[in-house]
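*Asks:* Hey, dropping protein.cif in here, mmCIF, C-alpha atoms and all ligand atoms:
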```
data_data
#
loop_
_atom_site.label_atom_id
_atom_site.label_comp_id
_atom_site.auth_asym_id
_atom_site.auth_seq_id
_atom_site.Cartn_x
_atom_site.Cartn_y
_atom_site.Cartn_z
CA MET A 81 58.35 -30.77 -94.46
CA GLU A 82 55.63 -30.26 -91.84
CA ARG A 83 56.43 -33.58 -90.15
CA ILE A 84 60.13 -32.79 -90.23
CA LEU A 85 59.54 -29.40 -88.64
CA GLU A 86 57.48 -31.11 -85.93
CA SER A 87 60.28 -33.49 -84.98
CA TRP A 88 62.81 -30.65 -84.92
CA LEU A 89 60.61 -28.64 -82.61
CA LEU A 90 60.04 -31.69 -80.42
CA HIS A 91 63.63 -32.94 -80.15
CA ALA A 92 65.82 -29.89 -80.82
CA ASN A 93 63.35 -27.30 -79.57
CA ARG A 94 63.96 -25.09 -82.61
CA ARG A 95 63.43 -24.81 -86.35
CA PRO A 96 66.16 -26.17 -88.63
CA LYS A 97 68.56 -23.60 -90.13
CA ILE A 98 69.30 -23.69 -93.85
CA LEU A 99 71.95 -21.71 -95.67
CA ILE A 100 71.38 -21.04 -99.37
CA ALA A 101 74.56 -19.98 -101.12
CA ASP A 102 74.27 -19.03 -104.79
CA ASP A 103 75.50 -16.08 -106.83
CA GLN A 104 72.19 -15.92 -108.73
CA PRO A 105 69.54 -14.02 -106.75
CA THR A 106 66.76 -15.80 -108.68
CA THR A 107 67.90 -19.21 -107.42
CA ILE A 108 68.09 -17.89 -103.87
CA ARG A 109 64.58 -16.46 -104.17
CA VAL A 110 63.11 -19.74 -105.44
CA LEU A 111 64.78 -21.79 -102.70
CA HIS A 112 63.96 -19.26 -100.01
CA GLU A 113 60.29 -19.51 -100.91
CA LEU A 114 60.42 -23.30 -100.68
CA PHE A 115 61.75 -23.40 -97.13
CA SER A 116 61.09 -20.16 -95.29
CA ALA A 117 57.78 -21.37 -93.84
CA GLN A 118 59.42 -24.28 -91.96
CA CYS A 119 63.06 -23.26 -91.61
CA ASP A 120 65.20 -20.30 -90.64
CA VAL A 121 66.78 -19.47 -93.97
CA PHE A 122 70.13 -17.68 -94.31
CA MET A 123 71.46 -16.45 -97.63
CA ALA A 124 74.88 -15.87 -99.18
CA THR A 125 75.72 -14.68 -102.68
CA SER A 126 79.43 -15.58 -102.62
CA GLY A 127 81.68 -18.33 -101.34
CA ALA A 128 83.35 -16.02 -98.82
CA GLN A 129 80.00 -14.92 -97.46
CA ALA A 130 78.85 -18.54 -97.25
CA LEU A 131 81.87 -19.43 -95.08
CA LYS A 132 81.23 -16.44 -92.83
CA VAL A 133 77.55 -17.31 -92.32
CA CYS A 134 78.48 -20.93 -91.56
CA GLN A 135 80.88 -19.91 -88.79
CA ALA A 136 78.37 -17.49 -87.29
CA GLU A 137 75.14 -19.49 -87.62
CA LEU A 138 76.18 -23.16 -87.84
CA PRO A 139 73.34 -24.07 -90.20
CA ASP A 140 71.85 -27.59 -90.23
CA LEU A 141 72.05 -27.84 -94.01
CA ILE A 142 73.70 -25.96 -96.86
CA LEU A 143 72.43 -25.69 -100.39
CA LEU A 144 75.63 -24.75 -102.16
CA ASP A 145 76.10 -23.51 -105.71
CA VAL A 146 79.14 -25.04 -107.42
CA VAL A 147 80.03 -22.15 -109.75
CA MET A 148 80.58 -18.86 -107.93
CA ASP A 149 82.96 -16.00 -108.76
CA ASP A 150 85.18 -15.75 -105.70
CA ILE A 151 85.49 -19.10 -103.89
CA ASP A 152 83.69 -21.89 -105.74
CA GLY A 153 81.36 -24.36 -104.05
CA HIS A 154 83.90 -27.18 -104.07
CA GLU A 155 86.43 -25.07 -102.16
CA VAL A 156 83.77 -23.88 -99.70
CA CYS A 157 82.89 -27.53 -99.08
CA ARG A 158 86.56 -28.47 -98.59
CA GLN A 159 87.03 -25.72 -96.00
CA LEU A 160 83.84 -26.56 -94.09
CA LYS A 161 84.72 -30.26 -93.95
CA ALA A 162 88.23 -29.46 -92.65
CA ASP A 163 86.89 -27.48 -89.68
CA PRO A 164 85.56 -29.66 -86.81
CA ALA A 165 83.01 -26.94 -85.96
CA THR A 166 81.36 -27.20 -89.38
CA SER A 167 82.37 -30.66 -90.61
CA THR A 168 79.05 -32.31 -89.67
CA ILE A 169 76.86 -29.84 -91.59
CA PRO A 170 75.37 -31.69 -94.58
CA ILE A 171 75.99 -30.04 -97.95
CA ILE A 172 73.81 -30.42 -101.03
CA PHE A 173 75.39 -29.05 -104.18
CA ILE A 174 73.38 -27.09 -106.73
CA THR A 175 74.60 -26.86 -110.31
CA ALA A 176 73.35 -26.04 -113.75
CA GLN A 177 75.13 -28.94 -115.37
CA ASN A 178 73.80 -32.41 -115.06
CA GLN A 179 77.01 -34.32 -115.42
CA GLU A 180 78.07 -37.47 -113.72
CA ALA A 181 81.66 -36.23 -113.27
CA ASP A 182 80.43 -33.27 -111.18
CA GLU A 183 78.41 -35.58 -109.03
CA VAL A 184 81.45 -37.77 -108.37
CA VAL A 185 83.55 -34.74 -107.39
CA ALA A 186 80.80 -33.43 -105.10
CA LEU A 187 80.31 -36.74 -103.30
CA GLY A 188 84.08 -37.19 -103.05
CA LEU A 189 84.28 -33.88 -101.21
CA GLY A 190 81.81 -35.12 -98.63
CA ALA A 191 78.58 -33.66 -100.02
CA VAL A 192 75.49 -35.70 -99.15
CA ASP A 193 73.50 -34.97 -102.29
CA PHE A 194 73.37 -33.14 -105.56
CA ILE A 195 70.56 -31.20 -107.26
CA THR A 196 70.44 -29.57 -110.65
CA LYS A 197 69.02 -26.32 -111.99
CA PRO A 198 66.36 -25.56 -113.04
CA ILE A 199 65.03 -26.30 -109.55
CA ASN A 200 62.36 -28.98 -109.31
CA SER A 201 60.65 -27.93 -106.08
CA VAL A 202 59.18 -31.35 -105.25
CA ILE A 203 62.54 -33.09 -105.57
CA VAL A 204 64.44 -30.40 -103.69
CA ARG A 205 61.98 -30.41 -100.80
CA ALA A 206 62.12 -34.19 -100.56
CA ARG A 207 65.92 -34.28 -100.59
CA VAL A 208 66.28 -31.44 -98.12
CA GLY A 209 63.71 -33.10 -95.86
CA THR A 210 65.63 -36.36 -95.86
CA GLN A 211 68.91 -34.66 -95.00
CA LEU A 212 67.36 -32.60 -92.21
CA THR A 213 66.03 -35.79 -90.65
CA VAL A 214 69.46 -37.41 -90.83
CA LYS A 215 71.07 -34.26 -89.37
CA LEU A 216 68.66 -34.24 -86.42
CA GLN A 217 69.31 -37.92 -85.69
CA GLY A 218 73.07 -37.32 -85.84
CA ASP A 219 72.85 -34.32 -83.51
CA LEU A 220 70.80 -36.30 -80.98
CA LEU A 221 73.24 -39.21 -81.13
CA ARG A 222 76.26 -36.94 -80.69
CA ALA A 223 74.60 -35.20 -77.74
CA SER A 224 73.65 -38.45 -76.01
CA ALA A 225 77.19 -39.79 -76.43
CA LEU A 226 78.36 -36.92 -74.22
CA LEU A 227 75.83 -37.36 -71.44
CA ASP A 228 76.04 -39.48 -68.32
CA GLY A 229 73.21 -41.97 -68.65
CA LEU A 230 72.25 -41.97 -64.98
CA THR A 231 72.41 -38.32 -63.96
CA GLY A 232 71.90 -36.53 -67.27
CA VAL A 233 74.88 -34.21 -66.71
CA GLY A 234 77.97 -34.37 -68.94
CA ASN A 235 80.07 -37.53 -68.91
CA ARG A 236 83.84 -37.86 -68.64
CA ARG A 237 84.32 -37.37 -72.37
CA LYS A 238 82.24 -34.18 -72.32
CA PHE A 239 84.30 -32.98 -69.36
CA ASP A 240 87.57 -33.58 -71.23
CA ASP A 241 86.22 -31.73 -74.30
CA ASP A 242 84.85 -28.82 -72.27
CA LEU A 243 87.98 -28.45 -70.18
CA LEU A 244 90.22 -28.22 -73.25
CA THR A 245 87.85 -25.86 -75.10
CA ASN A 246 87.50 -23.52 -72.11
CA TRP A 247 91.21 -23.68 -71.33
CA ARG A 248 91.99 -22.46 -74.85
CA GLN A 249 89.27 -19.81 -74.69
CA CYS A 250 90.67 -18.44 -71.40
CA LEU A 251 94.18 -18.51 -72.87
CA ARG A 252 93.00 -16.29 -75.74
CA GLU A 253 91.12 -13.96 -73.37
CA LYS A 254 93.92 -13.98 -70.74
CA ASN A 255 91.29 -14.95 -68.17
CA PRO A 256 91.63 -17.34 -65.23
CA ILE A 257 89.79 -20.67 -65.25
CA SER A 258 88.70 -22.60 -62.16
CA LEU A 259 87.90 -26.22 -61.56
CA VAL A 260 85.93 -27.76 -58.70
CA LEU A 261 86.32 -31.50 -58.05
CA LEU A 262 83.69 -32.95 -55.75
CA ASP A 263 83.44 -36.32 -54.07
CA ILE A 264 80.36 -37.47 -52.12
CA ASP A 265 81.47 -38.44 -48.60
CA TYR A 266 81.27 -42.11 -47.54
CA PHE A 267 79.29 -43.01 -50.65
CA LYS A 268 80.35 -46.65 -50.58
CA ARG A 269 78.83 -46.95 -47.13
CA TYR A 270 75.68 -45.24 -48.43
CA ASN A 271 75.32 -47.85 -51.18
CA ASP A 272 76.06 -50.69 -48.75
CA HIS A 273 73.48 -49.45 -46.27
CA TYR A 274 70.65 -48.21 -48.51
CA GLY A 275 71.22 -50.28 -51.66
CA HIS A 276 72.25 -49.26 -55.16
CA GLN A 277 68.84 -47.98 -56.19
CA ARG A 278 68.90 -45.38 -53.42
CA GLY A 279 72.54 -44.73 -54.30
CA ASP A 280 71.57 -43.95 -57.90
CA ALA A 281 68.78 -41.66 -56.73
CA CYS A 282 71.26 -39.85 -54.49
CA LEU A 283 73.68 -39.31 -57.39
CA LYS A 284 70.84 -37.92 -59.51
CA ARG A 285 69.79 -35.44 -56.83
CA VAL A 286 73.35 -34.28 -56.21
CA ALA A 287 73.91 -33.81 -59.97
CA LYS A 288 70.70 -31.78 -60.20
CA ALA A 289 71.69 -29.63 -57.22
CA LEU A 290 75.08 -28.94 -58.85
CA SER A 291 73.50 -28.04 -62.23
CA GLU A 292 71.13 -25.65 -60.47
CA THR A 293 73.98 -24.00 -58.58
CA LEU A 294 75.72 -23.09 -61.85
CA ARG A 295 74.00 -20.10 -63.38
CA ARG A 296 76.21 -18.85 -66.20
CA PRO A 297 75.76 -20.49 -69.63
CA TYR A 298 79.47 -21.34 -69.97
CA ASP A 299 79.80 -23.10 -66.59
CA SER A 300 79.45 -26.87 -66.79
CA VAL A 301 79.13 -29.90 -64.54
CA ALA A 302 80.08 -33.45 -65.42
CA ARG A 303 80.15 -36.80 -63.67
CA TYR A 304 83.85 -37.44 -63.40
CA GLY A 305 83.75 -40.90 -61.88
CA GLY A 306 81.48 -43.07 -59.67
CA GLU A 307 80.58 -40.49 -57.01
CA GLU A 308 82.84 -37.73 -58.31
CA PHE A 309 81.69 -34.63 -60.12
CA ALA A 310 83.68 -31.87 -61.79
CA CYS A 311 82.56 -28.29 -62.40
CA ILE A 312 84.37 -26.06 -64.87
CA LEU A 313 84.13 -22.36 -64.12
CA PRO A 314 85.73 -20.34 -66.94
CA ARG A 315 86.57 -16.65 -66.41
CA THR A 316 86.49 -17.21 -62.65
CA GLY A 317 89.18 -16.36 -60.11
CA LEU A 318 89.93 -18.41 -56.99
CA GLU A 319 87.75 -16.34 -54.69
CA GLY A 320 84.70 -16.64 -56.94
CA ALA A 321 85.28 -20.36 -57.40
CA LEU A 322 85.58 -20.96 -53.65
CA GLY A 323 82.33 -19.07 -53.15
CA MET A 324 80.64 -21.28 -55.75
CA ALA A 325 82.06 -24.43 -54.14
CA GLU A 326 80.73 -23.39 -50.71
CA THR A 327 77.30 -22.83 -52.28
CA MET A 328 77.46 -26.27 -53.94
CA LEU A 329 78.24 -27.88 -50.59
CA ALA A 330 75.44 -25.96 -48.85
CA ASN A 331 72.96 -26.96 -51.56
CA ILE A 332 73.95 -30.64 -51.25
CA ARG A 333 73.47 -30.51 -47.47
CA GLU A 334 70.10 -28.85 -48.00
CA LEU A 335 68.92 -31.87 -49.95
CA GLU A 336 68.87 -33.55 -46.52
CA ILE A 337 69.50 -37.01 -47.88
CA GLU A 338 69.77 -39.16 -44.77
CA HIS A 339 73.14 -40.92 -44.41
CA LYS A 340 73.43 -43.04 -41.29
CA GLY A 341 76.84 -44.40 -42.22
CA SER A 342 78.53 -41.01 -42.37
CA ASP A 343 81.09 -40.20 -39.67
CA ILE A 344 80.66 -36.46 -40.06
CA ASP A 345 76.97 -35.69 -40.49
CA ARG A 346 73.46 -37.20 -40.50
CA VAL A 347 72.97 -36.24 -44.16
CA ILE A 348 74.87 -36.57 -47.44
CA THR A 349 77.83 -34.19 -47.67
CA ALA A 350 80.74 -33.80 -50.05
CA SER A 351 84.42 -32.91 -50.12
CA LEU A 352 85.43 -30.30 -52.66
CA GLY A 353 88.83 -29.34 -54.07
CA VAL A 354 89.18 -26.04 -55.94
CA ALA A 355 91.98 -24.81 -58.16
CA THR A 356 92.43 -21.78 -60.40
CA LEU A 357 94.98 -21.09 -63.13
CA THR A 358 95.45 -18.49 -65.80
CA PRO A 359 96.44 -20.49 -68.89
CA THR A 360 99.77 -19.72 -70.52
CA THR A 361 101.03 -20.68 -73.97
CA GLY A 362 102.51 -24.15 -74.03
CA SER A 363 100.63 -25.33 -70.93
CA GLY A 364 97.61 -27.63 -70.83
CA PRO A 365 94.66 -28.16 -68.51
CA GLU A 366 96.36 -31.17 -66.83
CA ALA A 367 98.02 -28.82 -64.34
CA LEU A 368 94.61 -27.48 -63.30
CA LEU A 369 93.22 -30.97 -62.90
CA ALA A 370 96.21 -32.06 -60.82
CA ALA A 371 95.96 -28.98 -58.59
CA ALA A 372 92.23 -29.50 -57.97
CA ASP A 373 92.89 -33.17 -57.23
CA ILE A 374 95.44 -32.24 -54.55
CA GLN A 375 92.90 -29.88 -52.96
CA LEU A 376 90.22 -32.58 -53.03
CA TYR A 377 92.59 -34.95 -51.28
CA GLN A 378 93.29 -32.21 -48.75
CA ALA A 379 89.56 -31.69 -48.14
CA LYS A 380 89.11 -35.41 -47.46
CA ARG A 381 92.20 -35.72 -45.27
CA SER A 382 91.25 -32.76 -43.14
CA GLY A 383 87.86 -34.20 -42.21
CA ARG A 384 85.57 -34.20 -45.29
CA GLY A 385 82.36 -32.18 -45.71
CA ARG A 386 84.35 -29.09 -46.65
CA VAL A 387 85.94 -27.03 -49.39
CA CYS A 388 89.73 -26.75 -49.81
CA PRO A 389 91.53 -24.39 -49.82
CA LYS A 390 89.71 -22.38 -47.19
CA LEU A 391 88.54 -18.94 -48.31
MG MG B 401 76.53 -19.85 -109.78
#
```
How does this structure look as structure tokens?
*Replies:*
Amino acid sequence: MERILESWLLHANRRPKILIADDQPTTIRVLHELFSAQCDVFMATSGAQALKVCQAELPDLILLDVVMDDIDGHEVCRQLKADPATSTIPIIFITAQNQEADEVVALGLGAVDFITKPINSVIVRARVGTQLTVKLQGDLLRASALLDGLTGVGNRRKFDDDLLTNWRQCLREKNPISLVLLDIDYFKRYNDHYGHQRGDACLKRVAKALSETLRRPYDSVARYGGEEFACILPRTGLEGALGMAETMLANIRELEIEHKGSDIDRVITASLGVATLTPTTGSGPEALLAAADIQLYQAKRSGRGRVCPKL
């Protein structure tokens, strides 16, 4: 377990979280003692409580009792697997019976392993350790699949996910959501003149400047296309979004990346289109994307190196 904790701290920057759900306090105590030194341990004494803790804490592993009074372990497992937010959490069933039929049911429900009472601490630690390693690898893989390899900001897929998630969130909250689309000016000429290596370095610096401009944890930036970036600003009205876009543009100029091929400046600049909508039922984020795209086009057509609409 020590080595596993080390790799969690190194790659995830935190301790793994384990949920122990069992209606027998003695079992919880034994398991808690086994893992509390290396993991953040959460406890539940009923199926309903287990589901609640899962939603709130998103544990990295669940040790789940099969027989519980209210909602049994199998049903808890079914519900967790049906919810995309919790479906990747590995579940190890705990049961008093050592029967093959139970094991088949458990694995059929998507459980990764099966342990029997009385608890054999060596076996449980080994099995939990294995599953925590697999969970960490899966998390890292999922995260890297959403990142743009060159710039390290979100990729197009991450943008699509984030836009939909935030759109729905703002719909529930009745809040506006803003989108900034940004295109680096004359970037093809930059690549032609300075070469692709310098072009890549330029993209990286612009991406970093954009990330640093966004301060709130729910704002996000993604690489939308070749030299296009998109920033999602939830809970932000048009005025706030235009202010942010002006700051983004100023910060990109301040990088002072020389651009001899630009018609409008001696350094790298960008054109930015901003749009804001308050989501309504039955509408999707496509309208927001289309509106921001029109503004970006407007910014380019009216001379580049600017934000549209004007504040
Ligand atoms: Mg029980």
*Asks:* Quick one: distance from atom CA of Ala325 of chain A to atom CA of Thr358 of chain A in Å, one decimal?
*Replies:*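 So the two atoms, atom CA of Ala325 of chain A and atom CA of Thr358 of chain A, lie 18.7 Å apart.
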*Asks:* May I have a table of the residues of chain A lying at most 7 Å from ligand MG 401 (chain B), giving each one's closest pair of atoms and their distance in Å to one decimal, counting only C-alpha atoms and all ligand atoms, ordered by chain and ascending residue number, as a Markdown table?
*Replies:*
```
| residue | atom | partner | partner_atom | distance |
| --- | --- | --- | --- | --- |
| A:Asp102 | CA | B:MG401 | MG | 5.5 |
| A:Asp103 | CA | B:MG401 | MG | 4.9 |
| A:Gln104 | CA | B:MG401 | MG | 5.9 |
| A:Asp145 | CA | B:MG401 | MG | 5.5 |
| A:Val146 | CA | B:MG401 | MG | 6.3 |
| A:Val147 | CA | B:MG401 | MG | 4.2 |
| A:Met148 | CA | B:MG401 | MG | 4.6 |
```
*Asks:* So that I have them on file, write out the residues from the current selection with C-alpha atoms, as a short mmCIF file (atom, residue, chain, number, x, y, z; two decimals), keeping the file's coordinate frame.
*Replies:*
```cif
data_model
loop_
_atom_site.label_atom_id
_atom_site.label_comp_id
_atom_site.auth_asym_id
_atom_site.auth_seq_id
_atom_site.Cartn_x
_atom_site.Cartn_y
_atom_site.Cartn_z
CA ASP A 102 74.27 -19.03 -104.79
CA ASP A 103 75.50 -16.08 -106.83
CA GLN A 104 72.19 -15.92 -108.73
CA ASP A 145 76.10 -23.51 -105.71
CA VAL A 146 79.14 -25.04 -107.42
CA VAL A 147 80.03 -22.15 -109.75
CA MET A 148 80.58 -18.86 -107.93
#
```
*Asks:* May I have the protein, DNA and RNA residues with any atom at most 12 Å from the point (62.0, -31.1, -101.4), counting all atoms listed in the file, written as a list in words?
*Replies:* Met81, Glu82, Ile84, Leu111, Glu113, Leu114, Phe115, Gln118, Leu143, Ile172, Ile195, Ile199, Asn200, Ser201, Val202, Ile203, Val204, Arg205, Ala206, Arg207, Val208, Gly209, Thr210, Gln211 and Leu212 of chain A
*Asks:* Between A:Ser126, A:Thr106, A:Thr175, A:Thr168, which has the minimum distance to Asp152 of chain A (counting only C-alpha atoms)?
*Replies:*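 Closest to Asp152 of chain A of all the choices is A:Ser126.
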*Asks:* Would you please work out which residue, of A:Leu144, A:Val286, A:Ala370, A:Leu85, is nearest to Ala117 of chain A when using only C-alpha atoms?
*Replies:*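 The closest residue to Ala117 of chain A is A:Leu85.
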*Asks:* Tell me, as a ChimeraX atom specification, which residues lie within 8 Å of segment 363-369 of chain A, counting only C-alpha atoms; anything in the same chain fewer than 3 positions away does not count.
*Replies:* /A:243-244,247,258-259,355-357,359-360,372-373
